[in-house]
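Report on one structure; see the data block that follows.
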Amino acid sequence: MIMQTIVITVINADVLKALRSLPDGCVQTVITSPPYLWLRNYGIKGQIGLEKSPQEYIQLLVDVFREIWRVLRDDGTVWLNMGDSYAGSGKGPTGADGIGNQDRRQGTDKSDSNRGSHKSNLMGGIVPDGWKAGDLMGMPWRLVFALQDAGWWLRTDIIWHKPNPMPESNKTRPTRSHEFIFLLTKSGSPKFWTHPEKDGVRKKPAPDYYYHNRETLEDVIEPPEDWVNKKHFIDTDGKSKRIWIRRNKWIGWNYFYDAEAVKEPVVEGVDDNQKKIGWKGNRKSFRGGGKYTSGQSFDNSVVVENQTHGNDTAKKQDLMGNPTMVGFNARWKARGGNVTSQPDQTGFVGHSGNTGPNGKQLCDGITRNRRDVWKIATCQRKEAHFASFPDDIPDICIKAGTSEYGCCPACGAPYARVLKKVASTMNIRVRDNKKGIIDQKSGLGEQYAASEEEMEEYGEEQAGVTQTVGWRPTCNCQAGDPVPCVTLDPFMGRGTVALVSRSRGRSSIGIELNPEYVEISRLNLMKGQSALDTGVVRYDFKVI
């Protein structure tokens with residue numbers, strides 16, 4: 001693939017004016033954090049966040065997101081970070097110019113720098129209608145509900161857990177240590193279809209079926225004889241199902257989301273009762289005292305938390321109904337795992353013997369879908385900007401929301417991974433039989449007991465994995481080599497999204513009203529650059 005030029009565009013303008021200057025469907029993903037209501041005075045006329053009422057603030061942001069809808073591709077995503085406000089709190093230092101001037105505190109700024117001509121105390125001294133003094137206003141959810149009403153699809157809410165939150169002197173409630181990140185999309189039905197052996201298409205194709213054998217893992221093109229009626233496969237819940245299942249090679253997608261790019265390593269941690277938490281796989285959770293160590297066989301005679309269960313034998317659940325088996329992780333770590341993964345944004349490293357945050361032991365080589373709680377520390381910046389992303393947040397969003405391989409130069413459709421799946425060999429039915437557990441607690445019955453032959457043939461346990469074997473376009477334009485995907489931050493600040501986009505090989509568009517912040521972002525972007533045009537990266541700074 002030929003290296004294509006990354007284009008970084010920075011626009012100094014009012015957000016609505018700048019968005020209206022952009023063409024339709026020109027960006028793959030949006031990562032942004034609008035100014036929060038009544039929390040900061042950034043010292044620039046026309047800024048968002050100092051509106052007369054929460055309703056006016058929300059309506060203005062809905063208008064902004066209406067323009068974002070237009071410039072975002074139909075298969076694109078929005079990652080919206082939003083913090084909350086307290087009614088009448090007057091909290092948080094700010095300045096008249098918004099750039100490090102701390103002579104005034106919120107609640108005392110009576111300048112005319114807000115969007116309208118309203119000159120009264122807007123930043124905390126007045127309790128708006130519908131709230132009481134000290135009320136948590138719920139602004140993140142009020143905004144996202146308004147965006148749903150405007151047509152956006154809310155896909156998930158993500159908790160940004162801050163392990164180093166801003167200290168608070170308030171003694172009447174817990175210190176706030178989280179914010180929300182919302183994943184929003186435009187589509188409720190498939191926008192493109194992918195195929196492991198063909199280019200993607202934008203109209204629903206005819207099915208391309210194949211047949212998969214659950215016992216042998218064999219795949220065949222032609223339908224096996226009487227495949228619909230063959231029911232001798234016993235799944236992990238002990239239910240009889242068809243041996244053969246029909247699958248369609250074409251997969252429809254409502255929007256682009258690269259789950260593989262943001263998978264996280266599985267860790268063994270310690271819960272509140274100091275019990276190891278093991279790998280969750282194959283519909284069963286295993287949690288217990290780590291009773292299986294290297295070289296040990298399955299042992300069914302361990303007492304859990306000094307509780308006896310009739311015959312002093314530990315079962316698969318404790319008295320509170322919690323699962324108590326580990327088994328797999330200890331043997332997997334003893335083997336060293338089968339994959340070495342790279343460090344991710346939360347500090348996990350998938351190498352044998354390493355640990356994740358808080359000393360949690362990694363289950364080497366085993367990954368899982370990224371969860372919706374992200375533990376990411378806030379960071380200090382040298383430049384004077386009050387509220388900037390830590391790099392890790394846009395990094396995750398960019399990897400999930402854009403293709404690292406690029407997009408079609410003609411229509412902008414992102415390239416998608418071609419994955420090879422290696423099925424898990426974890427067979428709970430056989431394994432439980434080995435341990436002599438075939439009772440109702442394991443979801444089985446005597447009629448589903450594994451045969452001696454099955455137990456003898458049952459080999460070493462392997463976790464299911466997926467491997468990227470290539471990339472294919474999600475369109476059939478065939479317009480040439482892919483170009484970098486484009487990110488957008490309509491509230492650019494210091495330029496964190498643009499910086500991370502560049503490091504990930506993506507182009508970006510940033511919009512910022514305050515010219516001083518534009519200069520900060522320019523300095524950050526040009527660090528170490530001898531000229532605006534480097535050949536690989538092109539910069540375009542404009543004022544409109």
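Naming scheme: A, B, ... for chains in displayed order of the structure tokens; residues 1 onward per chain; ligands 1 onward as shown.
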
Extract, using only C-alpha atoms, all DNA, RNA and protein residues at most 7 Å from A:Val201, discarding same-chain residues fewer than 5 positions from it, and format them as a PyMOL selection string.
chain A and resi 192-194+474-476

Keeping N, CA, C and O atoms, export the residues of the selection given above as a compact mmCIF listing (two decimals), in the first residue's frame.
```
# COMPACT_ATOMS: atom_id res chain seq x y z
N PHE A 192 -23.70 -1.26 5.25
CA PHE A 192 -22.79 -1.95 4.35
C PHE A 192 -22.68 -3.41 4.77
O PHE A 192 -23.01 -3.78 5.90
N TRP A 193 -22.23 -4.24 3.83
CA TRP A 193 -22.10 -5.67 4.06
C TRP A 193 -20.68 -6.10 3.70
O TRP A 193 -20.13 -5.64 2.68
N THR A 194 -20.08 -6.94 4.53
CA THR A 194 -18.72 -7.42 4.27
C THR A 194 -18.74 -8.92 4.02
O THR A 194 -19.64 -9.64 4.46
N THR A 474 -15.20 -1.78 2.22
CA THR A 474 -16.63 -1.99 2.47
C THR A 474 -17.47 -1.39 1.35
O THR A 474 -18.66 -1.15 1.52
N CYS A 475 -16.84 -1.14 0.22
CA CYS A 475 -17.53 -0.69 -0.99
C CYS A 475 -16.91 -1.45 -2.17
O CYS A 475 -15.92 -2.17 -2.00
N ASN A 476 -17.49 -1.29 -3.34
CA ASN A 476 -16.93 -1.94 -4.53
C ASN A 476 -16.52 -0.91 -5.58
O ASN A 476 -16.64 -1.15 -6.78
```

So, with only C-alpha atoms as the atoms that count, which of A:Asn248, A:Ser189, A:Ser403, A:Thr216 lies closest to A:Pro482?
A:Ser403

From A:Arg202, A:Lys399, A:Lys263, A:Lys421, residue lying nearest A:Trp250 [only C-alpha atoms]
A:Arg202

Counting only C-alpha atoms, the residue of A:Trp141, A:Pro390, A:Glu51, A:Lys542 that sits nearest A:Asp157
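Residue with the minimum atom-to-atom distance to A:Asp157: A:Trp141.
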
Residue nearest A:Gly46 among A:Asn514, A:Arg370, A:Asp75, A:Glu218 (counting only C-alpha atoms)
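Looking only at the distances to A:Gly46, the closest residue turns out to be A:Asn514.
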
Quick check, in Å to one decimal: how far apart do atom CA of A:Gln380 and atom CA of A:Leu184 lie?
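So the two atoms, atom CA of A:Gln380 and atom CA of A:Leu184, lie 28.3 Å apart.
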
Skipping near chain neighbours, those fewer than 3 positions away, what residues fall within 10 Å of A:Trp69 using only C-alpha atoms, listed as a list in words?
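Residues near the query, excluding close chain neighbours: Asp24, Gly25, Val30, Asp63, Val64, Phe65, Arg66, Leu72, Arg73, Asp74, Gly76, Thr77, Val78, Gly151, Trp152, Thr185 and Lys186 of chain A.
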
Produce a file of the selected residues containing C-alpha atoms, as an mmCIF file, in the first residue's frame.
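Just written: part-v4.cif:
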```cif
data_model
loop_
_atom_site.group_PDB
_atom_site.id
_atom_site.type_symbol
_atom_site.label_atom_id
_atom_site.label_comp_id
_atom_site.auth_asym_id
_atom_site.auth_seq_id
_atom_site.Cartn_x
_atom_site.Cartn_y
_atom_site.Cartn_z
ATOM 1 C CA ASP A 24 -21.422 16.245 3.420
ATOM 2 C CA GLY A 25 -20.157 12.911 4.730
ATOM 3 C CA VAL A 30 -16.212 12.475 15.682
ATOM 4 C CA ASP A 63 -28.084 22.505 16.480
ATOM 5 C CA VAL A 64 -24.344 21.796 16.424
ATOM 6 C CA PHE A 65 -24.968 18.075 16.251
ATOM 7 C CA ARG A 66 -27.428 18.575 13.418
ATOM 8 C CA LEU A 72 -20.530 12.498 9.325
ATOM 9 C CA ARG A 73 -20.706 9.467 7.055
ATOM 10 C CA ASP A 74 -23.829 7.314 7.382
ATOM 11 C CA GLY A 76 -19.770 6.857 11.101
ATOM 12 C CA THR A 77 -19.694 7.185 14.871
ATOM 13 C CA VAL A 78 -19.707 10.001 17.433
ATOM 14 C CA GLY A 151 -32.680 11.246 15.493
ATOM 15 C CA TRP A 152 -29.374 10.006 16.887
ATOM 16 C CA THR A 185 -24.585 6.720 15.434
ATOM 17 C CA LYS A 186 -26.845 7.753 12.562
#
```

Pairwise distance for atom CA of A:Cys411 and atom CA of A:Gly200, rounded to one decimal in Å:
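A separation of 12.7 Å between them.
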
Would you mind listing what lies within 8 Å of A:Gly412 as a list of chain:residue names, with only C-alpha atoms counted and same-chain residues fewer than 5 positions away left out?
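Skipping anything fewer than 5 positions along the chain leaves A:Cys26, A:Gln28, A:Cys407, A:Cys485.
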
Mind pulling up the distance from atom CA of A:Ala410 to atom CA of A:Ser501?
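Going from atom CA of A:Ser501 over to atom CA of A:Ala410, I get 21.1 Å.
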
Distance query A:Ile245 at most 7 Å, only C-alpha atoms, self and fewer than 4 positions along chain excluded, as a list in words
Tyr211, His212 and Asn213 of chain A

Looking at A:Met137, A:Ile31, A:Val144, A:Val373, which one is nearest to A:Glu179, with distances taken over only C-alpha atoms?
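Looking at the shortest contact to A:Glu179, the residue is A:Val373.
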
Using the chain letters and numbers from this document, which residues of stretch 163-205 of chain A does DSSP assign to strand (DSSP E), as a PyMOL selection string?
chain A and resi 178-185+192-195+198-201

Shell around A:Thr468 at 12 Å using only C-alpha atoms, local window under 3 positions removed, as number ranges by chain
A: 196, 258-261, 405, 416-422, 465, 471-472

Any chance you can output those residues with N, CA and C atoms as an mmCIF file, in the first residue's frame?
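So selection32.cif came out as:
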```cif
data_model
loop_
_atom_site.group_PDB
_atom_site.id
_atom_site.type_symbol
_atom_site.label_atom_id
_atom_site.label_comp_id
_atom_site.auth_asym_id
_atom_site.auth_seq_id
_atom_site.Cartn_x
_atom_site.Cartn_y
_atom_site.Cartn_z
ATOM 1 N N PRO A 196 -15.708 -12.268 3.582
ATOM 2 C CA PRO A 196 -14.278 -12.585 3.758
ATOM 3 C C PRO A 196 -13.520 -12.760 2.450
ATOM 4 N N ASP A 258 -14.481 -1.098 14.948
ATOM 5 C CA ASP A 258 -13.419 -2.101 14.887
ATOM 6 C C ASP A 258 -13.171 -2.657 16.283
ATOM 7 N N ALA A 259 -13.940 -3.669 16.643
ATOM 8 C CA ALA A 259 -13.825 -4.253 17.983
ATOM 9 C C ALA A 259 -12.460 -4.878 18.211
ATOM 10 N N GLU A 260 -11.861 -5.442 17.153
ATOM 11 C CA GLU A 260 -10.555 -6.089 17.293
ATOM 12 C C GLU A 260 -9.484 -5.097 17.710
ATOM 13 N N ALA A 261 -9.578 -3.880 17.202
ATOM 14 C CA ALA A 261 -8.533 -2.887 17.466
ATOM 15 C C ALA A 261 -8.495 -2.449 18.920
ATOM 16 N N TYR A 405 -6.400 0.709 8.245
ATOM 17 C CA TYR A 405 -5.947 0.477 6.881
ATOM 18 C C TYR A 405 -6.339 1.626 5.956
ATOM 19 N N ALA A 416 -12.363 -2.886 6.139
ATOM 20 C CA ALA A 416 -12.689 -3.711 7.309
ATOM 21 C C ALA A 416 -11.730 -4.896 7.387
ATOM 22 N N ARG A 417 -11.525 -5.375 8.579
ATOM 23 C CA ARG A 417 -10.656 -6.533 8.795
ATOM 24 C C ARG A 417 -11.286 -7.799 8.220
ATOM 25 N N VAL A 418 -10.450 -8.668 7.708
ATOM 26 C CA VAL A 418 -10.843 -10.040 7.398
ATOM 27 C C VAL A 418 -10.281 -10.892 8.523
ATOM 28 N N LEU A 419 -11.163 -11.532 9.254
ATOM 29 C CA LEU A 419 -10.762 -12.252 10.460
ATOM 30 C C LEU A 419 -10.808 -13.757 10.256
ATOM 31 N N LYS A 420 -9.846 -14.423 10.825
ATOM 32 C CA LYS A 420 -9.846 -15.879 10.913
ATOM 33 C C LYS A 420 -10.130 -16.240 12.360
ATOM 34 N N LYS A 421 -11.166 -17.031 12.575
ATOM 35 C CA LYS A 421 -11.552 -17.394 13.924
ATOM 36 C C LYS A 421 -11.083 -18.806 14.254
ATOM 37 N N VAL A 422 -10.440 -18.929 15.390
ATOM 38 C CA VAL A 422 -10.034 -20.231 15.908
ATOM 39 C C VAL A 422 -10.927 -20.527 17.100
ATOM 40 N N VAL A 465 -9.749 -17.565 19.696
ATOM 41 C CA VAL A 465 -9.051 -16.354 19.291
ATOM 42 C C VAL A 465 -9.467 -15.963 17.881
ATOM 43 N N TRP A 471 -7.399 -7.171 4.829
ATOM 44 C CA TRP A 471 -8.346 -6.063 4.853
ATOM 45 C C TRP A 471 -9.092 -6.025 3.531
ATOM 46 N N ARG A 472 -10.361 -5.649 3.581
ATOM 47 C CA ARG A 472 -11.156 -5.501 2.367
ATOM 48 C C ARG A 472 -11.985 -4.221 2.451
#
```

Which one is closest to A:Met492: A:Tyr517, A:Tyr539, A:Phe256, A:Tyr415? Count only C-alpha atoms.
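Smallest separation from A:Met492 among the options: A:Tyr517.
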
Quick check for you: according to DSSP on this backbone, which residues of stretch 480-527 of chain A are classed as alpha helix (DSSP H)? Reply as a ChimeraX atom specification.
/A:496-503,515-526

Generate the output file for the selected residues, C-alpha atoms, as a compact mmCIF listing (two decimals), in the first residue's frame.
```txt
# COMPACT_ATOMS: atom_id res chain seq x y z
CA THR A 496 -5.43 16.38 21.48
CA VAL A 497 -7.67 14.57 18.97
CA ALA A 498 -5.59 15.91 16.05
CA LEU A 499 -2.34 14.88 17.73
CA VAL A 500 -3.53 11.34 18.45
CA SER A 501 -5.10 11.06 14.98
CA ARG A 502 -1.77 11.92 13.39
CA SER A 503 0.07 9.37 15.56
CA PRO A 515 -7.51 32.01 18.63
CA GLU A 516 -5.23 31.52 21.64
CA TYR A 517 -6.15 27.84 21.78
CA VAL A 518 -5.63 27.59 18.03
CA GLU A 519 -2.10 28.86 18.58
CA ILE A 520 -1.58 26.30 21.35
CA SER A 521 -2.73 23.50 19.03
CA ARG A 522 -0.51 24.80 16.24
CA LEU A 523 2.53 24.77 18.54
CA ASN A 524 1.68 21.26 19.74
CA LEU A 525 1.25 19.98 16.19
CA MET A 526 4.37 21.63 14.85
```
